[in-house]
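Working notes, structure below.
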Amino acid sequence: MRHFRLLAACALFPLVASPALAQQGSPMTTAAPAEPKDLTFERVFASPSLNGPAPRAVKLSPDGRYLTLLRNRADDRERYDLWGFDRQTGEWKMLVDSLKLSSGRQLSEAEKMQRERQRIGDLKGIVSYEWSADGKSVLVPVDGDLLLAGLDGSVRKVEGTKGGELTPKLGPKGEHIAFVRDRRLWAGPVTGAAAQAITPEEANAHVHWGEAEFVAQEEMNRFNGFWWSPDESRIAVERFDESMVGVVTRAAIGAEGTKTFDQRYPAAGTPNAEVSLHVMGPDGSNRVQVDLGQNKDIYLARVDWAPDGKTLYVQRMNREQTVLDMLKVDPMTGKSSVLFSEKAADKHWIDLSDSYRFLSDGSLVWWSQRDGFGHLYRFSKGKWSQLTKGEWVVTGLVGVDEKSGKLYLTGTKDDVLAQQVYAMDLKAPGKLTRLTELGWVNGASMDKSGQTLMITRSSDAQPAQSYIVDTTGKRLAWIEENKAAGTHPYAPYLASHRPAQFGTIPAADGTPLHYMMITPPLEPGKKYPVFTYHYGGPTAQVVSKGFQGALAQAIVDKGYIYFAIDNRGSENRGVKFASALHHAMGSVEVEDQLAGANWLKKQSFVDADKISTFGWSYGGYMSIKMLEANPGAYAAGIAVAPVTKWQMYDTTYTERYLGDPNKLPQVYEKSNALADTGKISDPLLVIHGMADDNVVFENASAIIAKMQAEAVPFEMMLYPGYTHRISGPKVSQHLYETIFRFLDRNGAGSGK
């Protein structure tokens with residue numbers, strides 16, 4: 001259950017950079033709006049996006065000359081093309097026109113589900129791309145076809161492809177290509193002969209080669225199931241058998257018919273897919289199986305090759321997700337040994353990370369929470385040294401420049417609500433140089449050589465900007481300035497833009513909880529209804545000092561106070577803060593949200609009888625638990641796509657926090673949202689997509705049936721054909737207008 005922050009319009013509709021000037025300081029005309037202009041839900045979800053252009057999938061070519069990104073069309077915000085900026089000539093051009101190359105082929109169910117896992121299910125055209133090693137061409141999938149687009153304008157289809165290939169990937173040297181088709185891995189030279197199947201044809205239809213299993217994609221942020229060695233002489237390939245995994249018959253109920261899919265879905269406490277790892281030549285020869293240990297009930301977390309290709313490193317995690325072993329594997333024999341083990345703190349779990357890097361000298365930069373906060377360490381010649389420390393969190397390892405011995409990271413050292421980008425000398429660990437400005441929330445990525453940083457930042461009234469900088473933090477060029485002025489889509493609404501306010505509220509045990517609040521212009525003596533937004537679950541931080549999104553402003557323009565608080569269990573506050581949810585979902589986070597509501601009721605400008613609460617996914621679950629635990633505390637609750645019975649949610653996420661339901665049934669009984677539905681006395685609106693493959697629709701039908709049997713009144717809105725992601729220009733408008741009509745109808749609204 002990776003976090004959905006659906007109140008941010010930018011999350012609903014990620015747009016990308018226009019081919020505008022990418023040079024520093026590009027001028028923009030500024031014209032203040034004549035008068036304040038209120039936002040409507042129709043405008044929030046219409047084109048063009050009020051966030052303005054924001055680049056997607058920004059990359060540098062291997063030689064650093066070209067900066068490429070995906071850009072959507074002005075007349076079709078969901079269709080993306082590939083654009084490139086030549087840093088030598090200073091010119092933009094469209095490299096690949098997805099519409100010209102489109103076959104119109106419908107995506108297979110496997111492709112659709114893979115995109116759902118990646119949270120890009122609403123996009124079309126080019127949704128991913130990969131540079132060739134020589135920097136002369138780009139691999140782009142379009143409507144399932146694999147195309148190699150040259151910078152000279154040439155485009156050719158990869159030999160032997162039929163459409164529907166999954167996870168195509170070029171080898172590091174650019175000589176080979178591999179992809180998944182018909183549950184097998186295919187590989188071959190980029191030019192010349194067509195790719196051939198290099199894994200066996202299995203009689204068992206539930207065996208897959210070269211793919212990541214469901215929970216790896218959904219809960220471990222691993223979408224790939226094969227890994228090329230640096231010289232392309234070997235390839236590591238995952239094989240999984242999901243014969244033993246339970247079947248959920250998913251009814252994709254649509255407006256004009258219903259399709260059913262038997263989806264292998266590993267519910268908590270039931271068998272996972274059996275996963276193994278194999279290494280072979282690019283033609284499938286000399287295949288050996290990696291020794292992952294005698295226990296088959298494990299997770300294959302990460303796979304990496306050493307820079308010299310002589311060693312394969314495999315991260316193996318136990319089913320309980322409390323121990324992660326780094327295995328050192330001989331790729332020629334498959335024999336393995338444990339290089340080191342990472343163990344979770346008491347009443348905590350292993351948080352998987354991509355913030356690590358194997359260096360050419362044989363050492364490893366590694367992210368760990370072993371001192372109670374997420375920090376970077378170096379493992380060299382069997383010994384550990386800590387690189388960063390303090391009561392703050394490294395949120396990402398951005399890049400390493402091995403030649404100069406510099407490391408780049410993002411973290412919360414200066415402000416837990418506004419992460420910054422830092423540089424550090426590996427020879428002088430602990431001394432950080434901040435490269436970004438305070439007051440902005442910053443993210444970053446970097447080229448493989450660690451020479452050029454790509455920064456994305458936003459602030460209260462400024463949607464995301466992006467630019468490239470050198471290793472000192474000096475801006476070299478704008479990727480997209482996106483200044484909220486002049487002709488920017490958000491400019492007409494700046495006069496009515498309301499700034500976010502931040503502060504802390506003590507939890508019951510005194511722990512400070514960060515909140516964010518946006519109010520309308522306050523009139524003396526007037527009291528305002530409050531719309532509170534929460535997620536509440538682990539691995540998420542809702543409160544930040546970045547751009548809050550146009551949707552939040554539209555809610556304020558309707559006369560509401562918009563409020564959010566990060567309860568215990570939220571991200572970036574350390575192990576102790578997160579551990580509050582261990583075997584206790586639906587308890588302390590509900591208590592902390594109530595602390596926020598009680599604080600609001602003490603404010604002279606708040607209508608204490610009109611505090612409503614809204615959440616999606618885990619947040620939807622929270623809405624139900626909040627109404628159950630504290631009848632009368634909230635004027636109304638909205639639960640979108642809620643988990644109602646944790647035994648129906650997947651193994652990896654659920655067992656990480658609640659343990660095994662077969663061993664801890666009492667934990668699940670207490671955490672579930674079904675037992676106490678009879679206690680709900682406040683208005684409740686349940687919303688669910690009827691084709692949800694993540695929080696399956698049975699979660700909604702279970703609570704609907706339970707409340708009907710108990711004669712507990714509630715309302716519901718169901719969306720035929722929609723998955724966990726209920727979105728689209730009109731359907732999103734419909735969803736939020738439904739919510740606010742519900743609030744007005746039940747005496748919790750503003751009436752606007």
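Going by the structure tokens order, chains are called A, B, ..., each with residues numbered from 1, while ligands are numbered from 1 in the order shown.
Among the residues of stretch 626-713 of chain A, backbone DSSP assigns strand (DSSP E or B) to Ala636, Gly637, Ile638, Ala639, Val640, Asp650, Leu684, Leu685, Val686, Ile687, His688 and Gly689 of chain A.
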Give me a file of those residues, with N, CA and C atoms, as a short mmCIF file (atom, residue, chain, number, x, y, z; two decimals), in the first residue's frame.
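Final output, result-v1.cif:
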```
data_model
loop_
_atom_site.label_atom_id
_atom_site.label_comp_id
_atom_site.auth_asym_id
_atom_site.auth_seq_id
_atom_site.Cartn_x
_atom_site.Cartn_y
_atom_site.Cartn_z
N ALA A 636 -18.67 14.34 10.30
CA ALA A 636 -18.88 13.37 9.23
C ALA A 636 -17.53 12.78 8.84
N GLY A 637 -17.57 11.61 8.19
CA GLY A 637 -16.34 10.98 7.72
C GLY A 637 -16.50 10.47 6.31
N ILE A 638 -15.43 10.59 5.52
CA ILE A 638 -15.42 10.09 4.15
C ILE A 638 -14.31 9.05 4.05
N ALA A 639 -14.66 7.84 3.61
CA ALA A 639 -13.70 6.75 3.48
C ALA A 639 -13.65 6.30 2.02
N VAL A 640 -12.53 6.59 1.35
CA VAL A 640 -12.35 6.20 -0.05
C VAL A 640 -11.44 4.97 -0.10
N ASP A 650 -2.74 -7.68 1.40
CA ASP A 650 -1.64 -8.57 1.02
C ASP A 650 -0.66 -8.85 2.16
N LEU A 684 -21.44 8.81 7.47
CA LEU A 684 -20.31 8.17 6.82
C LEU A 684 -20.61 7.99 5.34
N LEU A 685 -19.63 8.37 4.50
CA LEU A 685 -19.72 8.16 3.05
C LEU A 685 -18.61 7.20 2.65
N VAL A 686 -18.99 6.06 2.09
CA VAL A 686 -18.02 5.06 1.61
C VAL A 686 -17.93 5.17 0.09
N ILE A 687 -16.71 5.29 -0.44
CA ILE A 687 -16.46 5.41 -1.88
C ILE A 687 -15.47 4.32 -2.28
N HIS A 688 -15.74 3.64 -3.40
CA HIS A 688 -14.81 2.59 -3.83
C HIS A 688 -14.90 2.40 -5.35
N GLY A 689 -13.76 2.14 -5.97
CA GLY A 689 -13.73 1.75 -7.37
C GLY A 689 -14.11 0.28 -7.48
#
```
*asked:* Which residues are close to A:Tyr493, i.e. within 8 Å by only C-alpha atoms, leaving aside same-chain residues fewer than 6 positions away? Reply as number ranges by chain.
replied: A: 33, 36-39
*Which neighbours of stretch 344-346 of chain A fall inside 9 Å, counting only C-alpha atoms, when residues of the same chain fewer than 6 positions from it are skipped, and could you give them as a PyMOL selection string?*
chain A and resi 321-324+369-370+372+575+579
Selected residues, all heavy atoms, written as a short mmCIF file (atom, residue, chain, number, x, y, z; two decimals), in the first residue's frame, please.
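That gives us again-v8.cif:
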```cif
data_model
loop_
_atom_site.label_atom_id
_atom_site.label_comp_id
_atom_site.auth_asym_id
_atom_site.auth_seq_id
_atom_site.Cartn_x
_atom_site.Cartn_y
_atom_site.Cartn_z
N GLN A 321 10.00 -9.95 8.04
CA GLN A 321 10.56 -8.66 7.65
C GLN A 321 11.28 -7.98 8.82
O GLN A 321 11.19 -6.76 9.01
CB GLN A 321 9.48 -7.76 7.06
CG GLN A 321 8.84 -8.35 5.81
CD GLN A 321 7.71 -7.55 5.26
OE1 GLN A 321 7.91 -6.47 4.72
NE2 GLN A 321 6.49 -8.06 5.40
N THR A 322 12.01 -8.80 9.58
CA THR A 322 12.81 -8.29 10.69
C THR A 322 14.30 -8.50 10.47
O THR A 322 15.11 -7.92 11.20
CB THR A 322 12.40 -9.00 12.00
OG1 THR A 322 12.52 -10.42 11.82
CG2 THR A 322 10.98 -8.65 12.39
N VAL A 323 14.68 -9.31 9.49
CA VAL A 323 16.09 -9.56 9.19
C VAL A 323 16.30 -9.51 7.68
O VAL A 323 15.56 -10.14 6.91
CB VAL A 323 16.56 -10.94 9.71
CG1 VAL A 323 18.03 -11.17 9.35
CG2 VAL A 323 16.36 -11.05 11.22
N LEU A 324 17.29 -8.74 7.26
CA LEU A 324 17.67 -8.67 5.86
C LEU A 324 19.12 -9.10 5.74
O LEU A 324 20.00 -8.51 6.38
CB LEU A 324 17.46 -7.26 5.31
CG LEU A 324 17.71 -7.09 3.80
CD1 LEU A 324 16.73 -6.09 3.21
CD2 LEU A 324 19.14 -6.61 3.52
N GLN A 369 18.67 2.11 9.66
CA GLN A 369 18.05 2.76 10.80
C GLN A 369 18.59 2.20 12.12
O GLN A 369 17.93 2.26 13.15
CB GLN A 369 16.53 2.57 10.75
CG GLN A 369 15.89 3.17 9.53
CD GLN A 369 14.39 2.97 9.47
OE1 GLN A 369 13.62 3.87 9.78
NE2 GLN A 369 13.96 1.78 9.08
N ARG A 370 19.79 1.66 12.08
CA ARG A 370 20.33 0.95 13.25
C ARG A 370 20.53 1.84 14.46
O ARG A 370 20.60 1.32 15.59
CB ARG A 370 21.62 0.22 12.88
CG ARG A 370 22.74 1.14 12.40
CD ARG A 370 23.94 0.33 11.87
NE ARG A 370 23.58 -0.49 10.73
CZ ARG A 370 24.42 -1.28 10.08
NH1 ARG A 370 25.68 -1.35 10.47
NH2 ARG A 370 24.04 -1.99 9.05
N GLY A 372 18.37 4.27 15.18
CA GLY A 372 17.05 4.85 15.47
C GLY A 372 16.57 5.85 14.45
O GLY A 372 15.40 6.23 14.46
N VAL A 575 12.64 5.67 14.17
CA VAL A 575 12.09 4.35 14.47
C VAL A 575 11.06 4.39 15.58
O VAL A 575 9.99 3.77 15.48
CB VAL A 575 13.24 3.38 14.83
CG1 VAL A 575 12.70 2.09 15.44
CG2 VAL A 575 14.08 3.06 13.60
N SER A 579 7.31 3.10 15.20
CA SER A 579 7.00 1.83 15.87
C SER A 579 5.69 1.85 16.64
O SER A 579 5.22 0.80 17.08
CB SER A 579 8.13 1.46 16.83
OG SER A 579 9.31 1.17 16.12
#
```
*asked:* Just to confirm, what's the straight-line distance from atom CA of A:Pro661 to atom CA of A:Ala267 in Å (one decimal)?
replied: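 Computing the Euclidean distance for atom CA of A:Pro661 and atom CA of A:Ala267 yields 10.1 Å.
The gap separating atom CA of A:Ala193 from atom CA of A:Glu232 is 16.6 Å, in Å to one decimal.
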